[in-house]
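A quick write-up on the structure given underneath.
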Amino acid sequence: MRISKRAERIEPFYVMEVAKAASAVARNVAHTDRPMIFLNIGEPDFTAPLPVQEAALRAVRAGATQYTHATGLDVLRERISAWYSERFGVDVPARRIVVTAGASAALQLACLALIEAGDEILLPDPSYPCNRHFVSAADGRAVLIPTTAGERFQLSAAKVEAAWTERTRGVLLASPSNPTGTSIEPGELRRIHEVVTRRGGITLIDEIYLGLSYDDAFGQSALGIDDQIISVNSFSKYFSMTGWRLGWLVVPEALVPVIERLAQNLFICASTVSQYAALACFEPESIAEYERRRAEFKARRDWFIPQLQALGLEVPVVPDGAFYAWADCSAFGEKLGIANSWDFAFEAMKKAHLAVTPGRDFGTAETSRFVRFSTASSMAHLQESVERLRAWAGAGVPA
Ligand SMILES: Cc1ncc(COP(=O)(O)O)c(C=O)c1O
């Protein structure tokens with residue numbers, strides 16, 4: 001059977017191979033005193049709070065399960081708009097918000113609406129692999145630009161300027177980022193957008209981890225800079241609703257009919273039950289619970305990062321958001337004769353019964369030195385992980 005070039009271009013998701021191997025090891029060690037700890041998980045270890053669960057049940061029982069408008073329930077768009085105003089002090093009218101089946105659908109809609117075959121989109125290396133694959137799926141070319149710790153593993157205006165060619169259509173950023181948990185410094189983001197605007201391009205930003213921000217210097221939506229910026233967000237992370245498949249896209253007003261047309265054809269609408277449930281996310285009781293969880297994620301970060309550093313797993317930039325630690329495992333691995341982060345991940349699962357994500361999926365620049373630890377796991381698991389890493393490394397590593 002002939003497979004489309006478009007499908008052939010999508011690289012495998014190596015993380016899944018690692019996850020499969022980790023599950024196989026996990027089965028063998030499940031009954032030992034050291035069952036596998038999964039620090040390779042990219043989703044909160046919390047589920048939707050009770051008011052959200054109850055709202056979903058109410059919707060099901062009331063039979064509120066028909067299609068909604070392609071742009072989502074108007075009342076939900078209004079709630080999201082109010083959230084921007086209350087939390088970030090940004091005026092985002094509901095008519096510019098399109099509710100989608102997760103950030104993933106939002107990114108697909110944005111890419112399909114804006115990218116012509118052969119258009120180039122600039123992304124940082126490292127970055128979330130699916131984002132470059134959304135560009136490829138729209139027949140664009142994702143251009144990965146190596147970044148440094150000094151740049152917080154994000155693009156800079158100077159690099160965007162230098163990389164721009166006549167084929168460049170825009171940038172696709174993520175702030176805070178997966179896998180690094182680091183945000184773009186606000187001044188730099190402004191400058192990047194100035195370069196993009198001067199070149200007539202588009203600034204598309206994935207703000208899925210914005211709700212999980214821990215430092216005052218960051219945590220502001222890019223939508224405060226310019227209403228021409230396109231922002232993607234989701235109920236998956238801050239709102240702990242990964243499997244409910246709900247997110248949203250904020251676009252300039254002129255783009256709404258285009259996105260609506262695409263959404264009508266490609267998805268009809270996002271899950272109706274999830275949309276009714278999500279209304280309860282904004283109730284004071286739910287927000288209080290989400291804020292408690294955010295504080296928990298911050299406490300984990302504050303404890304875990306120094307522990308990794310002490311083990312010789314250097315985290316060059318302290319994450320200001322999300323629930324990841326992007327750690328250089330080369331010094332740690334060298335002492336154990338481990339050549340790269342891919343081997344580190346497989347050795348860690350065998351020797352320490354610890355699943356982590358090797359850098360390979362996230363780019364090519366320095367990713368063979370880096371692994372991603374997820375702190376979307378309980379403090380007890382994080383503490384046990386550190387003990388196991390210490391025991392694995394042996395006496396040579398300072399505790
Ligand atoms: C940076 C980033 N963007 C988008 C997504 C997709 O999220 P959703 O569940 O909203 O589709 C993820 C999921 O891990 C992510 O890390």
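Residues in the structure tokens are named by chain (A, B, ... in the order shown) and by number from 1 within that chain; ligands are numbered from 1 in the order shown.
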List every residue of chain A that has an atom at most 9 Å from any atom of ligand 1, giving for each one its closest atom pair and the distance in Å to one decimal, counting only C-alpha atoms and all ligand atoms, sorted by chain and then by ascending residue number, as a tab-separated table.
residue	atom	partner	partner_atom_place_in_ligand_line	distance
A:Gly42	CA	ligand 1	14 (O)	5.5
A:Glu43	CA	ligand 1	14 (O)	6.7
A:Thr100	CA	ligand 1	10 (O)	8.8
A:Ala101	CA	ligand 1	11 (O)	6.9
A:Gly102	CA	ligand 1	10 (O)	3.6
A:Ala103	CA	ligand 1	10 (O)	3.5
A:Ser104	CA	ligand 1	11 (O)	3.8
A:Ala105	CA	ligand 1	11 (O)	6.6
A:Ala106	CA	ligand 1	11 (O)	8.0
A:Leu107	CA	ligand 1	4 (C)	7.8
A:Ser127	CA	ligand 1	1 (C)	7.6
A:Tyr128	CA	ligand 1	1 (C)	5.3
A:Pro129	CA	ligand 1	1 (C)	8.5
A:Cys130	CA	ligand 1	4 (C)	7.4
A:Asn131	CA	ligand 1	3 (N)	6.9
A:Leu173	CA	ligand 1	1 (C)	9.0
A:Ala174	CA	ligand 1	1 (C)	6.0
A:Ser175	CA	ligand 1	1 (C)	8.0
A:Pro176	CA	ligand 1	1 (C)	7.9
A:Ser177	CA	ligand 1	1 (C)	5.9
A:Asn178	CA	ligand 1	1 (C)	4.9
A:Pro179	CA	ligand 1	16 (O)	7.5
A:Asp206	CA	ligand 1	3 (N)	6.0
A:Glu207	CA	ligand 1	1 (C)	7.5
A:Ile208	CA	ligand 1	3 (N)	5.9
A:Tyr209	CA	ligand 1	1 (C)	7.2
A:Val232	CA	ligand 1	3 (N)	8.2
A:Asn233	CA	ligand 1	10 (O)	6.9
A:Ser234	CA	ligand 1	10 (O)	4.6
A:Phe235	CA	ligand 1	10 (O)	6.4
A:Ser236	CA	ligand 1	9 (O)	5.0
A:Lys237	CA	ligand 1	10 (O)	7.5
A:Met241	CA	ligand 1	9 (O)	8.0
A:Thr242	CA	ligand 1	9 (O)	5.1
A:Gly243	CA	ligand 1	9 (O)	7.3
A:Trp244	CA	ligand 1	9 (O)	8.4
A:Arg245	CA	ligand 1	9 (O)	6.1
A:Leu246	CA	ligand 1	10 (O)	6.4
A:Gly247	CA	ligand 1	10 (O)	5.4
A:Trp248	CA	ligand 1	10 (O)	8.3
A:Ala322	CA	ligand 1	16 (O)	8.8
Could you build a table of the residues in stretch 313-352 of chain A lying no more than 9 Å from stretch 365-388 of chain A, giving for each the nearest pair of atoms and their separation in Å rounded to one decimal place, using only C-alpha atoms, ordered by chain and ascending residue number, as CSV?
residue,atom,partner,partner_atom,distance
A:Ala322,CA,A:Thr375,CA,8.8
A:Phe323,CA,A:Thr375,CA,5.0
A:Tyr324,CA,A:Ser374,CA,4.5
A:Ala325,CA,A:Phe373,CA,5.1
A:Trp326,CA,A:Arg372,CA,4.7
A:Ala327,CA,A:Phe370,CA,5.4
A:Asp328,CA,A:Phe370,CA,4.5
A:Cys329,CA,A:Phe370,CA,5.8
A:Ser330,CA,A:Arg369,CA,5.4
A:Ala339,CA,A:Arg369,CA,8.8
A:Asn340,CA,A:Ser368,CA,5.4
A:Ser341,CA,A:Ser368,CA,5.1
A:Trp342,CA,A:Ser368,CA,6.8
A:Phe344,CA,A:Val371,CA,8.2
A:Ala345,CA,A:Val371,CA,7.6
A:Lys351,CA,A:Arg388,CA,8.7
A:Ala352,CA,A:Arg388,CA,5.5
Just-selected residues, C-alpha atoms written as a CSV table (one decimal), in the first residue's frame:
chain,number,residue,atom,x,y,z
A,322,ALA,CA,5.4,22.7,34.1
A,323,PHE,CA,6.6,19.6,35.9
A,324,TYR,CA,9.8,18.7,34.2
A,325,ALA,CA,13.5,18.8,34.9
A,326,TRP,CA,15.9,18.8,31.9
A,327,ALA,CA,19.0,17.2,33.3
A,328,ASP,CA,22.5,16.7,31.7
A,329,CYS,CA,23.3,13.1,32.5
A,330,SER,CA,26.7,13.0,30.8
A,339,ALA,CA,27.6,6.8,26.5
A,340,ASN,CA,24.5,8.8,26.1
A,341,SER,CA,21.0,9.7,27.4
A,342,TRP,CA,19.3,7.0,25.5
A,344,PHE,CA,21.1,6.2,30.5
A,345,ALA,CA,17.3,5.8,30.2
A,351,LYS,CA,19.5,-0.8,37.5
A,352,ALA,CA,17.3,1.6,39.4
For each of A:His69, A:Arg199, A:Arg293, A:His353, take the minimum atom-to-atom distance to A:Pro35, counting only C-alpha atoms, then give the residue where this is smallest.
-> A:His353
Excluding same-chain residues fewer than 5 positions from stretch 136-141 of chain A, what lies within 12 Å of it counting only C-alpha atoms, as an MDAnalysis selection string?
-> chainID A and resid 4:11 107:123 129:131 167:172
Pull C-alpha atoms from the residues just selected and write them as a PDB file, in the first residue's frame.
ATOM      1  CA  SER A   4       1.635   9.404   1.774  1.00  0.00           C
ATOM      2  CA  LYS A   5       4.919  11.332   1.931  1.00  0.00           C
ATOM      3  CA  ARG A   6       3.248  13.407   4.630  1.00  0.00           C
ATOM      4  CA  ALA A   7       2.800  10.354   6.861  1.00  0.00           C
ATOM      5  CA  GLU A   8       6.299   9.066   6.054  1.00  0.00           C
ATOM      6  CA  ARG A   9       7.770  12.374   7.219  1.00  0.00           C
ATOM      7  CA  ILE A  10       6.388  11.954  10.761  1.00  0.00           C
ATOM      8  CA  GLU A  11       9.165  10.473  12.861  1.00  0.00           C
ATOM      9  CA  LEU A 107      -2.176  23.188  17.000  1.00  0.00           C
ATOM     10  CA  GLN A 108      -3.435  21.199  14.011  1.00  0.00           C
ATOM     11  CA  LEU A 109      -6.058  23.831  13.220  1.00  0.00           C
ATOM     12  CA  ALA A 110      -3.543  26.664  13.469  1.00  0.00           C
ATOM     13  CA  CYS A 111      -0.993  24.859  11.302  1.00  0.00           C
ATOM     14  CA  LEU A 112      -3.547  23.854   8.661  1.00  0.00           C
ATOM     15  CA  ALA A 113      -4.940  27.387   8.522  1.00  0.00           C
ATOM     16  CA  LEU A 114      -1.612  29.147   8.146  1.00  0.00           C
ATOM     17  CA  ILE A 115       1.038  26.920   6.598  1.00  0.00           C
ATOM     18  CA  GLU A 116       1.428  26.414   2.833  1.00  0.00           C
ATOM     19  CA  ALA A 117       3.394  23.474   1.438  1.00  0.00           C
ATOM     20  CA  GLY A 118       7.095  24.225   1.827  1.00  0.00           C
ATOM     21  CA  ASP A 119       6.676  27.023   4.372  1.00  0.00           C
ATOM     22  CA  GLU A 120       9.285  26.958   7.115  1.00  0.00           C
ATOM     23  CA  ILE A 121       8.437  27.321  10.784  1.00  0.00           C
ATOM     24  CA  LEU A 122      11.188  28.011  13.319  1.00  0.00           C
ATOM     25  CA  LEU A 123      11.139  26.049  16.576  1.00  0.00           C
ATOM     26  CA  PRO A 129       8.137  16.581  19.276  1.00  0.00           C
ATOM     27  CA  CYS A 130       4.472  16.687  18.203  1.00  0.00           C
ATOM     28  CA  ASN A 131       4.743  20.423  17.573  1.00  0.00           C
ATOM     29  CA  ARG A 167      10.428  30.581   2.933  1.00  0.00           C
ATOM     30  CA  THR A 168       9.988  31.288   6.659  1.00  0.00           C
ATOM     31  CA  ARG A 169       6.372  31.714   7.694  1.00  0.00           C
ATOM     32  CA  GLY A 170       6.763  32.137  11.435  1.00  0.00           C
ATOM     33  CA  VAL A 171       7.761  30.708  14.793  1.00  0.00           C
ATOM     34  CA  LEU A 172       6.203  28.021  16.962  1.00  0.00           C
TER      35      LEU A 172
END
I'd like the neighbourhood of A:Gly63 as a PDB file with C-alpha atoms, in the first residue's frame, where a residue qualifies if any of its atoms comes within 12 Å (using only C-alpha atoms), though same-chain residues fewer than 4 positions away should be ignored.
ATOM      1  CA  ALA A  56     -19.744  15.747  33.716  1.00  0.00           C
ATOM      2  CA  LEU A  57     -22.181  13.296  35.325  1.00  0.00           C
ATOM      3  CA  ARG A  58     -24.898  15.953  35.379  1.00  0.00           C
ATOM      4  CA  ALA A  59     -24.378  16.634  31.670  1.00  0.00           C
ATOM      5  CA  TYR A  67     -22.743  18.288  19.165  1.00  0.00           C
ATOM      6  CA  THR A 272     -19.648  18.050  24.691  1.00  0.00           C
ATOM      7  CA  VAL A 273     -19.524  16.289  28.076  1.00  0.00           C
ATOM      8  CA  TYR A 276     -19.888  21.036  30.342  1.00  0.00           C
TER       9      TYR A 276
END
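Taking atom CA of A:Thr165 as the reference point, atom CA of A:Ile192 is found at 15.2 Å.
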Tell me, which residues of stretch 153-377 of chain A carry DSSP alpha helix (DSSP H), written as a compact mmCIF listing (two decimals) with N, CA and C atoms, in the first residue's frame?
# COMPACT_ATOMS: atom_id res chain seq x y z
N ALA A 157 15.43 36.63 19.72
CA ALA A 157 15.11 37.47 18.55
C ALA A 157 16.26 37.42 17.55
N ALA A 158 17.50 37.42 18.07
CA ALA A 158 18.67 37.42 17.17
C ALA A 158 18.68 36.13 16.34
N LYS A 159 18.38 35.01 16.98
CA LYS A 159 18.41 33.74 16.23
C LYS A 159 17.26 33.65 15.22
N VAL A 160 16.12 34.20 15.59
CA VAL A 160 14.98 34.20 14.65
C VAL A 160 15.35 35.05 13.43
N GLU A 161 15.91 36.20 13.70
CA GLU A 161 16.33 37.11 12.61
C GLU A 161 17.33 36.41 11.69
N ALA A 162 18.33 35.75 12.32
CA ALA A 162 19.38 35.11 11.53
C ALA A 162 18.86 33.93 10.72
N ALA A 163 17.86 33.22 11.26
CA ALA A 163 17.38 32.00 10.59
C ALA A 163 16.32 32.30 9.54
N PRO A 186 10.13 37.55 29.19
CA PRO A 186 9.09 38.36 28.53
C PRO A 186 9.62 39.40 27.54
N GLY A 187 10.73 40.06 27.89
CA GLY A 187 11.31 41.06 26.97
C GLY A 187 11.75 40.41 25.67
N GLU A 188 12.32 39.22 25.79
CA GLU A 188 12.80 38.50 24.60
C GLU A 188 11.62 38.10 23.70
N LEU A 189 10.54 37.68 24.35
CA LEU A 189 9.35 37.28 23.58
C LEU A 189 8.82 38.47 22.76
N ARG A 190 8.80 39.62 23.41
CA ARG A 190 8.38 40.85 22.73
C ARG A 190 9.26 41.10 21.50
N ARG A 191 10.59 40.96 21.72
CA ARG A 191 11.53 41.22 20.62
C ARG A 191 11.37 40.17 19.50
N ILE A 192 11.14 38.92 19.88
CA ILE A 192 10.92 37.88 18.85
C ILE A 192 9.70 38.26 18.02
N HIS A 193 8.64 38.66 18.72
CA HIS A 193 7.40 39.00 18.00
C HIS A 193 7.60 40.22 17.10
N GLU A 194 8.44 41.16 17.54
CA GLU A 194 8.74 42.32 16.69
C GLU A 194 9.42 41.88 15.39
N VAL A 195 10.40 40.97 15.53
CA VAL A 195 11.10 40.48 14.34
C VAL A 195 10.11 39.79 13.40
N VAL A 196 9.28 38.92 14.00
CA VAL A 196 8.31 38.15 13.20
C VAL A 196 7.35 39.11 12.48
N THR A 197 6.87 40.11 13.21
CA THR A 197 5.90 41.05 12.64
C THR A 197 6.54 41.84 11.50
N ARG A 198 7.77 42.29 11.75
CA ARG A 198 8.48 43.06 10.71
C ARG A 198 8.61 42.23 9.43
N VAL A 256 -10.97 33.83 12.93
CA VAL A 256 -11.99 32.97 13.55
C VAL A 256 -12.83 32.21 12.51
N PRO A 257 -13.36 32.87 11.46
CA PRO A 257 -14.18 32.12 10.50
C PRO A 257 -13.39 31.02 9.80
N VAL A 258 -12.13 31.26 9.55
CA VAL A 258 -11.29 30.26 8.87
C VAL A 258 -11.13 29.03 9.78
N ILE A 259 -10.78 29.30 11.04
CA ILE A 259 -10.59 28.20 12.00
C ILE A 259 -11.92 27.47 12.22
N GLU A 260 -12.99 28.23 12.27
CA GLU A 260 -14.31 27.62 12.49
C GLU A 260 -14.64 26.65 11.35
N ARG A 261 -14.36 27.10 10.11
CA ARG A 261 -14.63 26.26 8.94
C ARG A 261 -13.83 24.96 9.00
N LEU A 262 -12.56 25.09 9.34
CA LEU A 262 -11.72 23.90 9.44
C LEU A 262 -12.22 22.99 10.56
N ALA A 263 -12.54 23.59 11.72
CA ALA A 263 -12.97 22.80 12.87
C ALA A 263 -14.27 22.06 12.57
N GLN A 264 -15.20 22.74 11.88
CA GLN A 264 -16.48 22.09 11.52
C GLN A 264 -16.21 20.82 10.71
N ASN A 265 -15.28 20.93 9.77
CA ASN A 265 -15.02 19.80 8.88
C ASN A 265 -14.17 18.71 9.52
N LEU A 266 -13.15 19.12 10.29
CA LEU A 266 -12.21 18.13 10.80
C LEU A 266 -12.67 17.47 12.08
N THR A 272 -18.63 17.22 24.04
CA THR A 272 -19.65 18.05 24.69
C THR A 272 -19.64 17.83 26.21
N VAL A 273 -19.54 16.58 26.63
CA VAL A 273 -19.52 16.29 28.08
C VAL A 273 -18.33 16.99 28.73
N SER A 274 -17.18 16.91 28.08
CA SER A 274 -15.99 17.55 28.64
C SER A 274 -16.17 19.07 28.73
N GLN A 275 -16.85 19.63 27.73
CA GLN A 275 -17.06 21.09 27.76
C GLN A 275 -17.95 21.48 28.95
N TYR A 276 -19.03 20.72 29.18
CA TYR A 276 -19.89 21.04 30.34
C TYR A 276 -19.11 20.84 31.64
N ALA A 277 -18.30 19.78 31.68
CA ALA A 277 -17.50 19.52 32.89
C ALA A 277 -16.53 20.67 33.14
N ALA A 278 -15.92 21.16 32.04
CA ALA A 278 -14.89 22.20 32.18
C ALA A 278 -15.44 23.50 32.75
N LEU A 279 -16.74 23.71 32.59
CA LEU A 279 -17.33 24.93 33.18
C LEU A 279 -17.07 24.97 34.68
N PRO A 284 -14.91 28.61 42.32
CA PRO A 284 -13.89 28.90 43.33
C PRO A 284 -13.33 27.65 44.00
N GLU A 285 -14.19 26.66 44.24
CA GLU A 285 -13.73 25.43 44.90
C GLU A 285 -12.69 24.68 44.03
N SER A 286 -12.96 24.66 42.73
CA SER A 286 -12.02 23.98 41.83
C SER A 286 -10.72 24.77 41.73
N ILE A 287 -10.84 26.08 41.56
CA ILE A 287 -9.62 26.90 41.43
C ILE A 287 -8.76 26.76 42.69
N ALA A 288 -9.41 26.70 43.88
CA ALA A 288 -8.66 26.52 45.12
C ALA A 288 -7.89 25.20 45.09
N GLU A 289 -8.53 24.18 44.57
CA GLU A 289 -7.87 22.86 44.47
C GLU A 289 -6.72 22.92 43.46
N TYR A 290 -6.94 23.60 42.33
CA TYR A 290 -5.87 23.70 41.33
C TYR A 290 -4.68 24.48 41.88
N GLU A 291 -4.97 25.48 42.67
CA GLU A 291 -3.87 26.28 43.25
C GLU A 291 -3.09 25.45 44.27
N ARG A 292 -3.80 24.60 45.02
CA ARG A 292 -3.12 23.71 45.96
C ARG A 292 -2.19 22.77 45.19
N ARG A 293 -2.67 22.28 44.08
CA ARG A 293 -1.85 21.38 43.26
C ARG A 293 -0.64 22.10 42.67
N ARG A 294 -0.88 23.33 42.26
CA ARG A 294 0.25 24.11 41.70
C ARG A 294 1.33 24.27 42.77
N ALA A 295 0.90 24.55 44.00
CA ALA A 295 1.86 24.69 45.11
C ALA A 295 2.59 23.36 45.34
N GLU A 296 1.90 22.27 45.18
CA GLU A 296 2.51 20.94 45.34
C GLU A 296 3.57 20.71 44.25
N PHE A 297 3.23 21.06 43.01
CA PHE A 297 4.21 20.92 41.91
C PHE A 297 5.45 21.79 42.18
N LYS A 298 5.21 22.97 42.71
CA LYS A 298 6.34 23.88 42.99
C LYS A 298 7.22 23.28 44.10
N ALA A 299 6.56 22.74 45.14
CA ALA A 299 7.31 22.15 46.26
C ALA A 299 8.15 20.98 45.75
N ARG A 300 7.61 20.20 44.84
CA ARG A 300 8.37 19.07 44.28
C ARG A 300 9.58 19.60 43.51
N ARG A 301 9.34 20.62 42.69
CA ARG A 301 10.46 21.19 41.94
C ARG A 301 11.54 21.67 42.90
N ASP A 302 11.12 22.41 43.95
CA ASP A 302 12.09 23.01 44.87
C ASP A 302 12.90 21.94 45.60
N TRP A 303 12.31 20.78 45.82
CA TRP A 303 13.05 19.71 46.50
C TRP A 303 13.89 18.90 45.52
N PHE A 304 13.32 18.59 44.37
CA PHE A 304 13.92 17.60 43.46
C PHE A 304 15.13 18.14 42.70
N ILE A 305 15.04 19.39 42.24
CA ILE A 305 16.14 19.91 41.39
C ILE A 305 17.46 19.94 42.17
N PRO A 306 17.51 20.49 43.40
CA PRO A 306 18.78 20.45 44.12
C PRO A 306 19.30 19.03 44.35
N GLN A 307 18.38 18.08 44.52
CA GLN A 307 18.80 16.69 44.71
C GLN A 307 19.48 16.16 43.45
N LEU A 308 18.90 16.47 42.30
CA LEU A 308 19.51 16.03 41.04
C LEU A 308 20.89 16.66 40.88
N GLN A 309 20.97 17.96 41.17
CA GLN A 309 22.26 18.67 41.04
C GLN A 309 23.30 18.01 41.92
N ALA A 310 22.91 17.66 43.17
CA ALA A 310 23.86 17.06 44.11
C ALA A 310 24.33 15.69 43.63
N SER A 330 25.45 13.49 31.32
CA SER A 330 26.72 13.02 30.76
C SER A 330 27.77 12.75 31.85
N ALA A 331 27.87 13.65 32.85
CA ALA A 331 28.89 13.45 33.90
C ALA A 331 28.53 12.23 34.75
N PHE A 332 27.28 12.12 35.08
CA PHE A 332 26.79 10.98 35.88
C PHE A 332 27.04 9.68 35.11
N GLY A 333 26.70 9.70 33.81
CA GLY A 333 26.82 8.50 32.98
C GLY A 333 28.27 8.09 32.76
N GLU A 334 29.14 9.09 32.62
CA GLU A 334 30.55 8.81 32.36
C GLU A 334 31.15 7.91 33.44
N LYS A 335 30.78 8.21 34.70
CA LYS A 335 31.32 7.42 35.82
C LYS A 335 30.87 5.97 35.75
N SER A 341 22.27 9.67 26.62
CA SER A 341 21.05 9.72 27.45
C SER A 341 20.07 8.58 27.09
N TRP A 342 20.17 8.09 25.86
CA TRP A 342 19.31 6.95 25.47
C TRP A 342 19.71 5.72 26.31
N ASP A 343 21.03 5.44 26.36
CA ASP A 343 21.51 4.31 27.17
C ASP A 343 21.23 4.55 28.65
N PHE A 344 21.38 5.81 29.07
CA PHE A 344 21.10 6.15 30.48
C PHE A 344 19.67 5.74 30.84
N ALA A 345 18.73 6.06 29.94
CA ALA A 345 17.31 5.76 30.23
C ALA A 345 17.11 4.25 30.40
N PHE A 346 17.73 3.46 29.50
CA PHE A 346 17.53 2.00 29.59
C PHE A 346 18.26 1.42 30.81
N GLU A 347 19.45 1.96 31.11
CA GLU A 347 20.18 1.49 32.30
C GLU A 347 19.42 1.86 33.57
N ALA A 348 18.86 3.07 33.59
CA ALA A 348 18.13 3.53 34.79
C ALA A 348 16.94 2.62 35.05
N MET A 349 16.30 2.20 33.95
CA MET A 349 15.10 1.35 34.18
C MET A 349 15.53 -0.03 34.67
N LYS A 350 16.71 -0.50 34.21
CA LYS A 350 17.14 -1.85 34.64
C LYS A 350 17.79 -1.82 36.02
N LYS A 351 18.66 -0.82 36.25
CA LYS A 351 19.45 -0.82 37.48
C LYS A 351 18.74 -0.16 38.66
Any idea what the distance is between atom CA of A:Ile97 and atom CA of A:Cys281?
-> 16.8 Å
Fewer than 4 positions away in the same chain doesn't count, so skip those; otherwise give me all residues within 10 Å of A:Arg95, counting only C-alpha atoms, as JSON, numbers by chain.
-> {"A": [71, 74, 77, 78, 81, 250, 251, 252, 253, 256]}
When distances are computed from only C-alpha atoms, which of A:Phe88, A:Asp226, A:Val135, A:Ala280 shows the smallest separation from A:Leu210?
-> A:Phe88
